[in-house]
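Undergrad: What follows is protein_33.json, made up of JSON, C-alpha atoms:
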[["chain", "number", "residue", "atom", "x", "y", "z"],
["H", 1, "MET", "CA", 9.19, 98.64, -72.78],
["H", 2, "LYS", "CA", 10.64, 95.48, -74.26],
["H", 3, "LYS", "CA", 9.70, 94.36, -77.76],
["H", 4, "VAL", "CA", 10.79, 91.47, -80.00],
["H", 5, "ILE", "CA", 10.53, 91.81, -83.76],
["H", 6, "ARG", "CA", 10.85, 88.84, -86.10],
["H", 7, "LEU", "CA", 13.01, 89.61, -89.12],
["H", 8, "GLN", "CA", 12.97, 88.00, -92.54],
["H", 9, "ASP", "CA", 15.78, 87.59, -95.06],
["H", 10, "LEU", "CA", 18.57, 88.77, -92.77],
["H", 11, "ASP", "CA", 21.48, 87.54, -94.88],
["H", 12, "CYS", "CA", 24.52, 87.62, -92.61],
["H", 13, "ALA", "CA", 25.90, 88.46, -89.19],
["H", 14, "ASN", "CA", 27.54, 91.59, -90.63],
["H", 15, "CYS", "CA", 24.13, 92.85, -91.80],
["H", 16, "ALA", "CA", 22.74, 92.21, -88.32],
["H", 17, "ALA", "CA", 25.59, 94.21, -86.76],
["H", 18, "LYS", "CA", 25.01, 97.12, -89.16],
["H", 19, "MET", "CA", 21.29, 97.09, -88.35],
["H", 20, "GLU", "CA", 22.06, 97.02, -84.63],
["H", 21, "ARG", "CA", 24.38, 100.05, -84.89],
["H", 22, "ALA", "CA", 21.79, 101.99, -86.90],
["H", 23, "VAL", "CA", 18.95, 101.26, -84.46],
["H", 24, "GLU", "CA", 21.13, 102.24, -81.48],
["H", 25, "GLN", "CA", 21.18, 105.78, -82.92],
["H", 26, "VAL", "CA", 17.37, 106.14, -82.92],
["H", 27, "GLN", "CA", 16.20, 108.41, -80.13],
["H", 28, "GLY", "CA", 14.22, 106.48, -77.52],
["H", 29, "VAL", "CA", 16.04, 103.17, -77.99],
["H", 30, "ASN", "CA", 17.68, 102.15, -74.71],
["H", 31, "SER", "CA", 19.25, 98.98, -76.12],
["H", 32, "VAL", "CA", 18.98, 96.69, -79.13],
["H", 33, "THR", "CA", 20.25, 93.24, -80.01],
["H", 34, "VAL", "CA", 19.88, 91.79, -83.49],
["H", 35, "SER", "CA", 20.40, 88.03, -83.80],
["H", 36, "PHE", "CA", 21.25, 86.65, -87.21],
["H", 37, "MET", "CA", 20.75, 83.08, -86.01],
["H", 38, "THR", "CA", 17.23, 83.56, -84.62],
["H", 39, "GLN", "CA", 16.24, 86.31, -87.10],
["H", 40, "LYS", "CA", 15.01, 88.52, -84.24],
["H", 41, "MET", "CA", 15.53, 92.08, -83.05],
["H", 42, "MET", "CA", 15.19, 92.53, -79.29],
["H", 43, "LEU", "CA", 14.46, 96.11, -78.27],
["H", 44, "ASP", "CA", 14.32, 97.97, -74.99],
["H", 45, "LEU", "CA", 12.50, 101.24, -75.65],
["H", 46, "SER", "CA", 11.76, 104.25, -73.48],
["H", 47, "ASP", "CA", 8.12, 104.40, -72.44],
["H", 48, "THR", "CA", 7.47, 107.71, -74.18],
["H", 49, "ASP", "CA", 5.81, 107.56, -77.62],
["H", 50, "THR", "CA", 6.77, 104.01, -78.58],
["H", 51, "GLU", "CA", 4.80, 104.24, -81.83],
["H", 52, "LYS", "CA", 7.04, 107.08, -83.04],
["H", 53, "ILE", "CA", 10.17, 105.19, -81.99],
["H", 54, "LEU", "CA", 9.01, 102.10, -83.90],
["H", 55, "LYS", "CA", 8.28, 104.20, -87.00],
["H", 56, "ASP", "CA", 11.77, 105.72, -86.79],
["H", 57, "ILE", "CA", 13.29, 102.24, -86.50],
["H", 58, "ALA", "CA", 11.28, 101.08, -89.53],
["H", 59, "LYS", "CA", 12.55, 104.05, -91.56],
["H", 60, "THR", "CA", 16.13, 103.47, -90.47],
["H", 61, "THR", "CA", 16.19, 99.74, -91.22],
["H", 62, "ASN", "CA", 13.57, 99.33, -93.97],
["H", 63, "VAL", "CA", 11.93, 96.66, -91.80],
["H", 64, "ARG", "CA", 8.15, 96.34, -91.68],
["H", 65, "LEU", "CA", 6.94, 96.42, -88.08]]
Would it be possible to restate this file's structure as structure tokens?
TA:
Amino acid sequence: MKKVIRLQDLDCANCAAKMERAVEQVQGVNSVTVSFMTQKMMLDLSDTDTEKILKDIAKTTNVRL
């Protein structure tokens, strides 16, 4: 399942890279790309229990989904 999340107040490219590395570690995330320029997080999630995966991402990044 692919999902795009709009981010707010992403301050720098380094912050985006840190967020990307953290989200990659969440179980159920197949791939993630965080773009500082567009302020978006593009996710490819496994199809099992996407709500739990999104909650884990929110906890990891302190982003409201």
Undergrad: Which neighbours of range 46-60 of chain H fall inside 9 Å, counting all atoms listed in the file, when residues of the same chain fewer than 5 positions from it are skipped, and could you give them as a ChimeraX atom specification?
TA: /H:1-2,19,22-23,26-30,65
Undergrad: Would you compute the distance between CA of Met41 in chain H and CA of Val4 in chain H? Give it in Å to one decimal.
TA: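 These atoms are spaced 5.7 Å apart.
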Undergrad: With distances taken over all atoms listed in the file, which residue among H:Ala13, H:Arg64, H:Lys3, H:Glu20 lies nearest Val34 in chain H?
TA: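 For Val34 in chain H, the nearest of the given residues is H:Glu20.
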Undergrad: Report the distance between CA of Gln39 in chain H and CA of Gln25 in chain H in Å, rounded to one decimal place.
TA: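 Answer for the CA of Gln39 in chain H to CA of Gln25 in chain H separation: 20.5 Å.
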Undergrad: The residues within 6 Å of (13.9, 96.9, -78.5), using all atoms listed in the file and the coordinates of the file, should be reported as a PyMOL selection string; which are they?
TA: chain H and resi 2-3+32+42-45
Undergrad: Rounded to one decimal place, report the CA of Glu24 in chain H-CA of Asp9 in chain H distance in Å.
TA: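 Going from CA of Glu24 in chain H over to CA of Asp9 in chain H covers 20.7 Å.
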Undergrad: Skipping near chain neighbours, those fewer than 5 positions away, what residues fall within 6 Å of Lys40 in chain H using all atoms listed in the file, listed as number ranges by chain?
TA: H: 5-7, 34-35
